[in-house]
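Structure file run_7.cif (mmCIF, C-alpha atoms) follows.
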```cif
data_my_file
loop_
_atom_site.label_atom_id
_atom_site.label_comp_id
_atom_site.auth_asym_id
_atom_site.auth_seq_id
_atom_site.Cartn_x
_atom_site.Cartn_y
_atom_site.Cartn_z
CA MET A 1 0.00 0.00 0.00
CA THR A 2 1.42 3.34 -1.02
CA ALA A 3 1.33 6.43 1.11
CA PRO A 4 -0.84 9.30 -0.17
CA SER A 5 0.94 12.33 -1.54
CA ASN A 6 1.04 15.64 0.32
CA ASP A 7 -1.49 17.21 -2.09
CA ASP A 8 -4.12 14.59 -1.31
CA ASP A 9 -3.23 14.30 2.35
CA ARG A 10 -5.47 17.01 3.79
CA SER A 11 -7.00 16.49 7.17
CA LEU A 12 -10.70 16.40 7.86
CA PHE A 13 -10.43 19.76 9.63
CA THR A 14 -8.83 21.32 6.57
CA LEU A 15 -11.60 19.97 4.36
CA ILE A 16 -14.26 21.25 6.77
CA GLY A 17 -12.48 24.61 6.90
CA ASP A 18 -12.52 24.83 3.09
CA LEU A 19 -16.22 23.94 2.94
CA PRO A 20 -17.64 27.48 3.48
CA ASP A 21 -15.42 28.90 0.71
CA THR A 22 -16.39 26.07 -1.62
CA ILE A 23 -20.10 26.51 -0.91
CA SER A 24 -19.81 30.28 -1.26
CA SER A 25 -18.09 30.02 -4.64
CA LEU A 26 -20.65 27.43 -5.77
CA VAL A 27 -23.55 29.70 -4.77
CA ARG A 28 -21.90 32.69 -6.52
CA ALA A 29 -21.43 30.59 -9.66
CA GLU A 30 -25.09 29.52 -9.57
CA ILE A 31 -26.23 33.14 -9.11
CA ASP A 32 -24.05 34.26 -12.02
CA GLN A 33 -25.53 31.53 -14.19
CA ILE A 34 -29.07 32.55 -13.21
CA LYS A 35 -28.26 36.21 -14.01
CA ALA A 36 -26.94 35.22 -17.42
CA GLU A 37 -30.01 33.10 -18.19
CA VAL A 38 -32.43 35.81 -17.04
CA SER A 39 -30.68 38.52 -19.04
CA TYR A 40 -30.76 36.25 -22.11
CA LYS A 41 -34.50 35.65 -21.67
CA VAL A 42 -35.27 39.33 -20.98
CA LYS A 43 -33.31 40.37 -24.08
CA HIS A 44 -35.27 38.00 -26.29
CA PHE A 45 -38.61 38.89 -24.67
CA GLY A 46 -37.78 42.56 -25.31
CA ILE A 47 -36.97 41.91 -28.95
CA GLY A 48 -40.16 39.88 -29.33
CA SER A 49 -42.24 42.59 -27.64
CA GLY A 50 -40.79 45.26 -29.92
CA LEU A 51 -41.60 43.18 -32.98
CA VAL A 52 -45.17 42.62 -31.76
CA ALA A 53 -45.57 46.38 -31.18
CA GLY A 54 -44.27 47.05 -34.69
CA ALA A 55 -46.69 44.51 -36.12
CA ALA A 56 -49.54 46.17 -34.20
CA VAL A 57 -48.69 49.57 -35.72
CA VAL A 58 -48.65 48.05 -39.21
CA GLY A 59 -51.93 46.29 -38.36
CA VAL A 60 -53.55 49.64 -37.52
CA PHE A 61 -52.45 50.98 -40.92
CA LEU A 62 -53.86 47.83 -42.51
CA LEU A 63 -57.17 48.44 -40.76
CA PHE A 64 -57.28 52.01 -42.09
CA THR A 65 -56.53 50.71 -45.57
CA LEU A 66 -59.28 48.07 -45.38
CA ILE A 67 -61.80 50.66 -44.20
CA THR A 68 -60.84 52.93 -47.09
CA THR A 69 -61.12 49.97 -49.47
CA ALA A 70 -64.63 49.22 -48.17
CA ILE A 71 -65.64 52.85 -48.73
CA PHE A 72 -64.25 52.80 -52.28
CA ALA A 73 -65.97 49.47 -53.03
CA LEU A 74 -69.32 50.79 -51.81
CA ALA A 75 -68.75 54.00 -53.76
CA LEU A 76 -69.07 51.91 -56.93
CA VAL A 77 -72.74 51.23 -56.17
CA MET A 78 -73.71 54.41 -54.25
CA PRO A 79 -72.45 57.95 -53.86
CA ALA A 80 -69.08 58.28 -52.08
CA TRP A 81 -70.57 60.20 -49.13
CA ALA A 82 -73.18 57.46 -48.63
CA ALA A 83 -70.49 54.77 -48.80
CA ALA A 84 -68.40 56.57 -46.17
CA LEU A 85 -71.49 57.06 -43.99
CA THR A 86 -72.44 53.36 -44.31
CA VAL A 87 -68.95 52.18 -43.35
CA SER A 88 -68.92 54.66 -40.44
CA GLY A 89 -72.30 53.33 -39.28
CA VAL A 90 -71.04 49.75 -39.34
CA LEU A 91 -67.95 50.77 -37.36
CA LEU A 92 -70.17 52.65 -34.88
CA LEU A 93 -72.31 49.53 -34.45
CA ILE A 94 -69.20 47.39 -33.82
CA ILE A 95 -67.96 49.92 -31.24
CA ALA A 96 -71.35 49.94 -29.49
CA VAL A 97 -71.45 46.13 -29.28
CA LEU A 98 -67.88 45.98 -27.92
CA LEU A 99 -68.63 48.67 -25.31
CA TRP A 100 -71.79 46.83 -24.24
CA ILE A 101 -69.83 43.58 -23.81
CA ALA A 102 -67.17 45.49 -21.86
CA TYR A 103 -69.86 47.03 -19.63
CA VAL A 104 -71.34 43.60 -18.86
CA ASN A 105 -67.89 42.22 -18.02
CA PHE A 106 -67.03 45.21 -15.80
CA LYS A 107 -70.34 44.76 -14.00
CA ARG A 108 -69.61 41.06 -13.44
CA GLY A 109 -66.08 41.87 -12.28
CA SER A 110 -67.25 44.45 -9.77
CA GLU A 111 -69.48 42.02 -7.87
CA PRO A 112 -68.18 41.23 -4.39
CA LEU A 113 -66.29 37.99 -4.01
CA GLU A 114 -68.28 35.15 -2.54
CA SER A 115 -65.37 34.14 -0.32
CA VAL A 116 -65.19 37.67 1.17
CA GLU A 117 -68.92 37.65 1.90
CA SER A 118 -68.60 34.15 3.40
CA LEU A 119 -65.69 35.31 5.57
CA LYS A 120 -67.71 38.31 6.78
CA ALA A 121 -70.61 36.00 7.65
CA ASP A 122 -68.26 33.68 9.55
CA LEU A 123 -66.79 36.61 11.50
CA ASP A 124 -70.30 37.85 12.32
CA ALA A 125 -71.23 34.36 13.51
CA LEU A 126 -68.16 34.24 15.75
CA LYS A 127 -69.07 37.63 17.21
CA GLY A 128 -72.66 36.52 17.72
CA THR A 129 -74.02 39.14 15.37
CA GLY A 130 -75.29 38.93 11.86
CA ASP A 131 -77.77 36.81 10.03
CA TYR A 132 -77.31 33.13 10.81
CA ASP A 133 -79.48 30.28 12.00
CA ARG A 134 -80.37 30.61 15.67
CA ARG A 135 -82.28 27.68 17.16
CA TYR A 136 -83.86 28.66 20.47
#
```
Can I see the file as structure tokens?
Amino acid sequence: MTAPSNDDDRSLFTLIGDLPDTISSLVRAEIDQIKAEVSYKVKHFGIGSGLVAGAAVVGVFLLFTLITTAIFALALVMPAWAAALTVSGVLLLIIAVLLWIAYVNFKRGSEPLESVESLKADLDALKGTGDYDRRY
């Protein structure tokens, strides 16, 4: 059996003494890796968000173009002012329907939560006040 070399011959106390530095460097390396991954993801999410915003701007221009096209197409069968008025009326109807749907959803969203009302009833029951079943 050969004797271990001086490099490998560290005592248990030396190894335990090196443990905090090893753990600290390992944690720092993990944090650096997480920072690098997060910055990579944020960069690509930013690029993607910018491209979506650009596409939305072009989409708005497309919408204007389609509305103009609809007016021109209707102008072939009626006067241009009537075609513009018809397209405007259709757009107004679409806006009214969307606003009505939004109103209904806001009304539903503003209702109190059932769990909050249930919690209030439970607290009232614990206090001995409120509307709950009393059997005397």
Exercise for review: Kindly give the distance, in Å, that separates atom CA of Thr68 of chain A and atom CA of Gly89 of chain A, rounded to a single decimal.
Suggested key: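 The value is 13.9 Å.
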**Study point:** Atom pair atom CA of Asn105 of chain A / atom CA of Leu91 of chain A: separation (Å)
**Key:**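 Calculated distance between atom CA of Asn105 of chain A and atom CA of Leu91 of chain A is 21.1 Å.
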Review point. Mind pulling up the distance from atom CA of Glu30 of chain A to atom CA of Ile16 of chain A?
Key: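 Straight-line distance from atom CA of Ile16 of chain A to atom CA of Glu30 of chain A works out to 21.3 Å.
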